[in-house]
Amino acid sequence: MSLNPAQHAAVVHRGSPLLVLAGAGTGKTRVITHRVAALLDEGVEPWRVLAVTFTNKAAAEMRTRIDRLCEGRHATNEIWVGTFHSICARILRRFGQPLGLSPRFTIYDTADGASVMSRILEELDVSDKLYTPRGVLGWIDRAKNRGLGPEELDRLGIVEPVRSVVRKAYTRYQQRLLTADAVDFGDLLLHAVALLRDATGPVRGQLGDTDPVRKLLWRFQHVVVDEFQDTNPIQGELVDLLAAHGELCVVGDDDQAIYGWRGADVSQILEFGESHEGTEIVRLEQNYRSTGHILQCADAIIRKNSGRLGKTLWTDEGDGDRVRVVVLETERDEARLVAREIRNALDEDASPEDFAVFYRTHAQSRVLEDELRGLGIGCRIVGGVAFYERAEVKDLLSYLVAIHNPASDTHLARIVNRPARGIGTTTVQKLSAHAAERGIPLWEALQRPQEAGVGTAAIKRLRGFVELVERLRARESEVPLDALLEEIVEATGYREALLADGDDESMTRLENVQELVGNVGEFVLENPGAGIADYLERMSLAGGERAEGDRDRAITLMTVHSAKGLEFDSVYLTGMEERVFPHARVVDDPIQMEEERRLAYVAITRARRNLTLTLATRRRIYGQLQVGIPSRFVHDLPPDAVEGLRRAPPRPAPAPVVRERSWNDDVVYDATPDVALAPDELEGEAGEGITLWVGMAVKHKDFGIGELLGWQGVGKNLKFHLRFGGVTKTILARFCEPM
DNA sequence: ACATGTTCCCTTTTT
DNA sequence: GGGAACATGT
């Protein structure tokens with residue numbers, strides 16, 4: 001298939017910055033890969049091309065597709081393709097020494113950072129109720145996303161006394177990480193930018209410059225950035241630095257910006273033209289993915305946002321089936337419906353990989369997984385409670401870190417008594433305090449425990465531990481990584497301890513340990529000669545993406561966020577209720593609501609042929625039964641593109657009786673035979689009641705007439721969120737009357 | 001030092 | 001409802 005005119009224009013444009021506004025399903029990756037291939041065909045050397053993506057999956061796919069396009073004509077492996085974080089890691093390992101980092105520095109994940117921070121907060125002696133490690137790290141992360149140091153926190157709008165605490169914590173945290181030869185995610189970007197920024201002094205570098213970092217500034221003749229709408233300011237600066245002497249092409253879709261909460265700044269794509277002189281803008285609007293009806297729904301959702309660059313997707317493939325909306329009683333009914341339909345389709349020879357089930361938050365996945373597995377449908381759950389967050393996995397990975405990087409106190413402290421070897425918290429605390437006092441790494445304090453005032457019994461055990469770690473450390477260079485891990489499992493007594501315990505939980509842990517060993521084995525197979533550092537980097541940056549082998553016979557369950565960039569024949573978008581999607585936490589903030597709307601847009605545009613939106617009128621949230629009403633996004637869908645949904649006729653004002661299962665809303669589900677559930681599959685019973693909807697008028701005897709914003713609870717505890725003029729109140733429904 | 005009990009907060013979204 | 005962090009008892 002040849003490129004359409006817009007795609008072609010984006011591929012061949014040269015000589016000035018290029019902004020490609022690529023709507024969902026318009027062949028964005030195609031444009032990027034063709035552009036890179038064209039550059040190589042024109043004689044640009046592969047090592048002078050950089051392609052940056054947001055996720056590892058996208059990077060892998062891009063590389064594969066570039067390889068395929070170039071078919072051995074070019075040394076495509078010399079192209080730099082990677083995520084922001086992996087590219088920064090690469091730069092810092094090579095050139096980070098002036099910043100105090102060794103080439104073998106460790107990348108700390110959020111949990112590692114939190115463990116460092118919790119000690120710092122203890123030292124600072126601040127209230128652990130007011131200042132939690134993750135809370136303070138949140139501020140630090142926001143600062144880092146914008147390239148701000150400890151002294152510039154006021155630019156975040158952070159006020160006293162929090163600012164002082166965060167400033168002190170931030171300063172100490174950076175020192176602590178540096179002495180541990182470690183960086184966190186934010187540092188990867190921050191340090192790389194600092195390095196490159198320093199190299200752009202008054203003495204401008206040039207080709208042939210001997211300074212390695214200045215050479216780097218000249219290296220890339222072409223830089224291509226994917227998903228540019230999700231970049232944060234520091235990433236924007238990084239891109240500008242790397243493309244300082246080359247040509248920059250950014251690709252993205254302002255309508256798919258969904259990471260504002262993480263510091264991404266849509267204005268970078270909105271204002272790219274202004275900030276980059278001579279920018280050429282190309283719009284991709286022809287959609288090759290979805291049916292017309294799906295696109296009509298997507299457009300109806302997104303057009304309500306303000307501040308868009310504005311695109312309208314179109315297809316010449318026809319309208320296709322209508323988008324379905326199915327209203328169910330409870331989240332279990334919802335899950336059963338999804339499971340039943342997919343089961344039927346699979347029985348008629350559909351492929352599992354064509355199905356995806358989306359939800360707003362991970363918490364919603366459990367019931368769905370339950371019901372799907374109940375019908376024998378294999379599920380692949382993306383993200384969620386990660387394998388790599390299990391205690392046993394973290395323990396073993398901590399052994400790897402501690403062996404590889406003796407300076408990493410936090411990992412050493414984690415494993416010193418794991419499995420239990422009689423080195424208790426008192427002992428570890430004494431050693432830590434001693435190490436901090438003398439300004440030495442914990443590892444050194446461990447070797448001279450008598451100086452820290454540790455008792456004789458503990459001293460003996462510590463000696464055993466130190467010898468154990470040293471023995472394993474010696475093995476690092478002698479055996480392959482997977483063999484080393486096996487030795488760790490044995491030599492530390494980890495396996496023995498789990499076996500001795502013998503209960504179900506320990507057996508599960510043992511299985512996880514086996515799985516980790518297997519995973520490392522696979523990694524070594526794919527990357528012969530890889531060491532601890534390579535594996536750990538993959539773990540931390542790839543979020544531990546697991547082997548895709550089990551993918552074939554399984555359907556995919558994931559949050560809408562993780563669905564970005566993917567497409568499926570049939571998509572189920574579940575939990576389409578107010579306060580679920582859109583999430584309760586954003587309904588009062590118009591800015592966040594726009595992001596939520598973009599999220600809905602992303603979800604809808606994932607579907608190729610079939611899209612089903614489901615919602616439950618009652619749902620358990622935190623174990624509390626909540627009454628739900630159809631999401632505003634459901635209301636926004638164009639009636640002609642949708643089935644299973646009709647407006648209820650206006651009703652006379654009903655009596656103000658409010659009981660459980662006491663409302664219907666103005667959206668009614670038309671049961672069609674293949675979709676309907678048998679009565680015995682439904683939880684609870686039907687009942688008659690009144691109609692409630694957001695925006696309806698409700699009267700209260702003291703406050704007068706208010707506008708209904710939402711509600712919570714059931715039965716006697718049903719409460720209304722009401723706006724009376726400028727004030728909002730939450731009032732028990734039984735004190736109110738509908739108008 | 002470890003096992004069991006209790007409370008709390010949680011739920012956005014993740015490189 | 002449920003997991004993790006804390007507290008208490010042996």
# chains A, B, ... in the order shown; residues from 1 in each chain; ligands from 1
$ select_by_dssp --residues "stretch 364-393 of chain A" --states "helix (DSSP H, G or I)" --output "list in words"
Gln364, Ser365, Arg366, Val367, Leu368, Glu369, Asp370, Glu371, Leu372, Arg373, Gly374, Phe387, Tyr388, Glu389, Ala391, Glu392 and Val393 of chain A
$ write_last_selection --atoms "N, CA and C atoms" --output "short mmCIF file (atom, residue, chain, number, x, y, z; two decimals), in the first residue's frame"
data_model
loop_
_atom_site.label_atom_id
_atom_site.label_comp_id
_atom_site.auth_asym_id
_atom_site.auth_seq_id
_atom_site.Cartn_x
_atom_site.Cartn_y
_atom_site.Cartn_z
N GLN A 364 -10.73 -2.57 38.81
CA GLN A 364 -11.88 -3.16 38.12
C GLN A 364 -11.56 -4.49 37.46
N SER A 365 -10.30 -4.86 37.39
CA SER A 365 -9.92 -6.02 36.59
C SER A 365 -10.29 -7.35 37.23
N ARG A 366 -10.39 -7.35 38.56
CA ARG A 366 -10.52 -8.63 39.25
C ARG A 366 -11.77 -9.42 38.84
N VAL A 367 -12.93 -8.75 38.91
CA VAL A 367 -14.17 -9.45 38.54
C VAL A 367 -14.12 -9.92 37.10
N LEU A 368 -13.61 -9.08 36.24
CA LEU A 368 -13.56 -9.44 34.82
C LEU A 368 -12.71 -10.68 34.62
N GLU A 369 -11.55 -10.68 35.25
CA GLU A 369 -10.66 -11.82 35.13
C GLU A 369 -11.34 -13.09 35.65
N ASP A 370 -11.98 -12.91 36.79
CA ASP A 370 -12.71 -13.99 37.43
C ASP A 370 -13.70 -14.66 36.48
N GLU A 371 -14.56 -13.86 35.90
CA GLU A 371 -15.63 -14.39 35.05
C GLU A 371 -15.07 -14.94 33.75
N LEU A 372 -14.08 -14.28 33.20
CA LEU A 372 -13.49 -14.76 31.95
C LEU A 372 -12.83 -16.12 32.15
N ARG A 373 -12.05 -16.22 33.20
CA ARG A 373 -11.39 -17.50 33.48
C ARG A 373 -12.41 -18.56 33.81
N GLY A 374 -13.49 -18.13 34.46
CA GLY A 374 -14.56 -19.04 34.78
C GLY A 374 -15.13 -19.72 33.55
N PHE A 387 4.40 -8.62 38.97
CA PHE A 387 5.22 -9.73 39.41
C PHE A 387 6.47 -9.22 40.13
N TYR A 388 7.01 -8.14 39.59
CA TYR A 388 8.28 -7.65 40.10
C TYR A 388 8.14 -6.85 41.39
N GLU A 389 6.92 -6.75 41.87
CA GLU A 389 6.74 -6.08 43.15
C GLU A 389 6.55 -7.08 44.27
N ALA A 391 7.43 -9.64 47.13
CA ALA A 391 8.54 -9.55 48.08
C ALA A 391 9.71 -10.45 47.68
N GLU A 392 9.40 -11.69 47.29
CA GLU A 392 10.49 -12.63 47.00
C GLU A 392 11.28 -12.20 45.76
N VAL A 393 10.55 -11.64 44.79
CA VAL A 393 11.24 -11.19 43.58
C VAL A 393 12.13 -9.99 43.90
#
$ interface_residues --of "chain C" --to "chain A" --cutoff "12 Å" --atoms "only C-alpha atoms (C1' of nucleotides)" --output "JSON, numbers by chain"
{"C": [1, 2, 3]}
$ residues_around --residues "B:DT7" --least-positions-apart "4" --cutoff "12 Å" --atoms "only C-alpha atoms (C1' of nucleotides)" --output "MDAnalysis selection string"
chainID C and resid 3:7
$ write_last_selection --atoms "N, CA, C and O atoms (P, O5', C5', C4', C3', O3' and C1' of nucleotides)" --output "mmCIF file, in the first residue's frame"
data_model
loop_
_atom_site.group_PDB
_atom_site.id
_atom_site.type_symbol
_atom_site.label_atom_id
_atom_site.label_comp_id
_atom_site.auth_asym_id
_atom_site.auth_seq_id
_atom_site.Cartn_x
_atom_site.Cartn_y
_atom_site.Cartn_z
ATOM 1 P P DG C 3 -5.557 -9.116 49.313
ATOM 2 O "O5'" DG C 3 -4.155 -8.360 49.189
ATOM 3 C "C5'" DG C 3 -4.057 -7.170 48.419
ATOM 4 C "C4'" DG C 3 -3.294 -6.114 49.204
ATOM 5 C "C3'" DG C 3 -2.086 -6.656 49.971
ATOM 6 O "O3'" DG C 3 -0.970 -5.818 49.730
ATOM 7 C "C1'" DG C 3 -3.500 -5.452 51.438
ATOM 8 P P DA C 4 0.496 -6.301 50.114
ATOM 9 O "O5'" DA C 4 1.095 -4.997 50.801
ATOM 10 C "C5'" DA C 4 0.530 -3.707 50.518
ATOM 11 C "C4'" DA C 4 0.718 -2.805 51.719
ATOM 12 C "C3'" DA C 4 1.983 -3.099 52.530
ATOM 13 O "O3'" DA C 4 2.554 -1.878 52.957
ATOM 14 C "C1'" DA C 4 0.100 -3.251 53.919
ATOM 15 P P DA C 5 4.074 -1.803 53.396
ATOM 16 O "O5'" DA C 5 4.028 -0.812 54.648
ATOM 17 C "C5'" DA C 5 3.090 0.257 54.679
ATOM 18 C "C4'" DA C 5 2.589 0.463 56.104
ATOM 19 C "C3'" DA C 5 3.691 0.372 57.168
ATOM 20 O "O3'" DA C 5 3.602 1.496 58.026
ATOM 21 C "C1'" DA C 5 1.875 -1.047 57.733
ATOM 22 P P DC C 6 4.713 1.824 59.035
ATOM 23 O "O5'" DC C 6 4.065 1.390 60.432
ATOM 24 C "C5'" DC C 6 2.979 2.144 60.948
ATOM 25 C "C4'" DC C 6 2.217 1.316 61.954
ATOM 26 C "C3'" DC C 6 2.972 1.047 63.259
ATOM 27 O "O3'" DC C 6 2.346 1.752 64.315
ATOM 28 C "C1'" DC C 6 1.777 -0.876 62.470
ATOM 29 P P DA C 7 3.008 1.755 65.734
ATOM 30 O "O5'" DA C 7 2.224 0.565 66.439
ATOM 31 C "C5'" DA C 7 0.805 0.564 66.461
ATOM 32 C "C4'" DA C 7 0.315 -0.594 67.308
ATOM 33 C "C3'" DA C 7 1.146 -0.821 68.581
ATOM 34 O "O3'" DA C 7 0.284 -1.066 69.684
ATOM 35 C "C1'" DA C 7 1.110 -2.805 67.267
#
$ interface_residues --of "chain B" --to "chain A" --cutoff "8 Å" --atoms "only C-alpha atoms (C1' of nucleotides)" --output "VMD selection string"
chain B and resid 1 10 to 13 15
$ write_last_selection --atoms "C-alpha atoms (C1' of nucleotides)" --output "mmCIF file, in the first residue's frame"
data_model
loop_
_atom_site.group_PDB
_atom_site.id
_atom_site.type_symbol
_atom_site.label_atom_id
_atom_site.label_comp_id
_atom_site.auth_asym_id
_atom_site.auth_seq_id
_atom_site.Cartn_x
_atom_site.Cartn_y
_atom_site.Cartn_z
ATOM 1 C "C1'" DA B 1 12.678 -12.351 66.697
ATOM 2 C "C1'" DC B 10 -6.870 2.878 49.576
ATOM 3 C "C1'" DT B 11 -7.689 3.443 43.867
ATOM 4 C "C1'" DT B 12 -6.368 6.909 38.907
ATOM 5 C "C1'" DT B 13 -3.397 6.531 35.270
ATOM 6 C "C1'" DT B 15 8.505 5.499 32.121
#
$ select_by_dssp --residues "stretch 454-651 of chain A" --states "strand (DSSP E)" --output "MDAnalysis selection string"
chainID A and resid 554:559 568:573 607:621 624:627 642:643 646:647
$ atom_distance --atom1 "atom CA of A:Gly25" --atom2 "atom CA of A:Asn287"
5.2 Å
$ atom_distance --atom1 "atom CA of A:Ala350" --atom2 "atom CA of A:Ala554"
11.6 Å
$ atom_distance --atom1 "atom CA of A:Gly455" --atom2 "atom CA of A:Thr427"
8.1 Å
$ residues_around --residues "B:DA3" --least-positions-apart "2" --cutoff "10 Å" --atoms "only C-alpha atoms (C1' of nucleotides)" --output "VMD selection string"
(chain B and resid 1 5) or (chain C and resid 9 to 10)
$ residues_around --residues "A:Leu241" --least-positions-apart "5" --cutoff "8 Å" --atoms "only C-alpha atoms (C1' of nucleotides)" --output "ChimeraX atom specification"
/A:193,196-197,217
$ write_last_selection --atoms "N, CA, C and O atoms" --output "tab-separated table (two decimals), in the first residue's frame"
chain	number	residue	atom	x	y	z
A	193	VAL	N	20.27	15.93	30.62
A	193	VAL	CA	20.10	17.31	30.16
A	193	VAL	C	21.20	18.20	30.74
A	193	VAL	O	21.78	19.03	30.03
A	196	LEU	N	24.37	17.69	28.75
A	196	LEU	CA	24.34	18.26	27.40
A	196	LEU	C	24.29	19.78	27.46
A	196	LEU	O	24.92	20.48	26.66
A	197	ARG	N	23.56	20.29	28.44
A	197	ARG	CA	23.44	21.73	28.57
A	197	ARG	C	24.82	22.35	28.85
A	197	ARG	O	25.18	23.37	28.28
A	217	LEU	N	26.40	16.30	20.78
A	217	LEU	CA	25.49	17.34	20.33
A	217	LEU	C	25.47	17.45	18.81
A	217	LEU	O	24.50	17.93	18.22
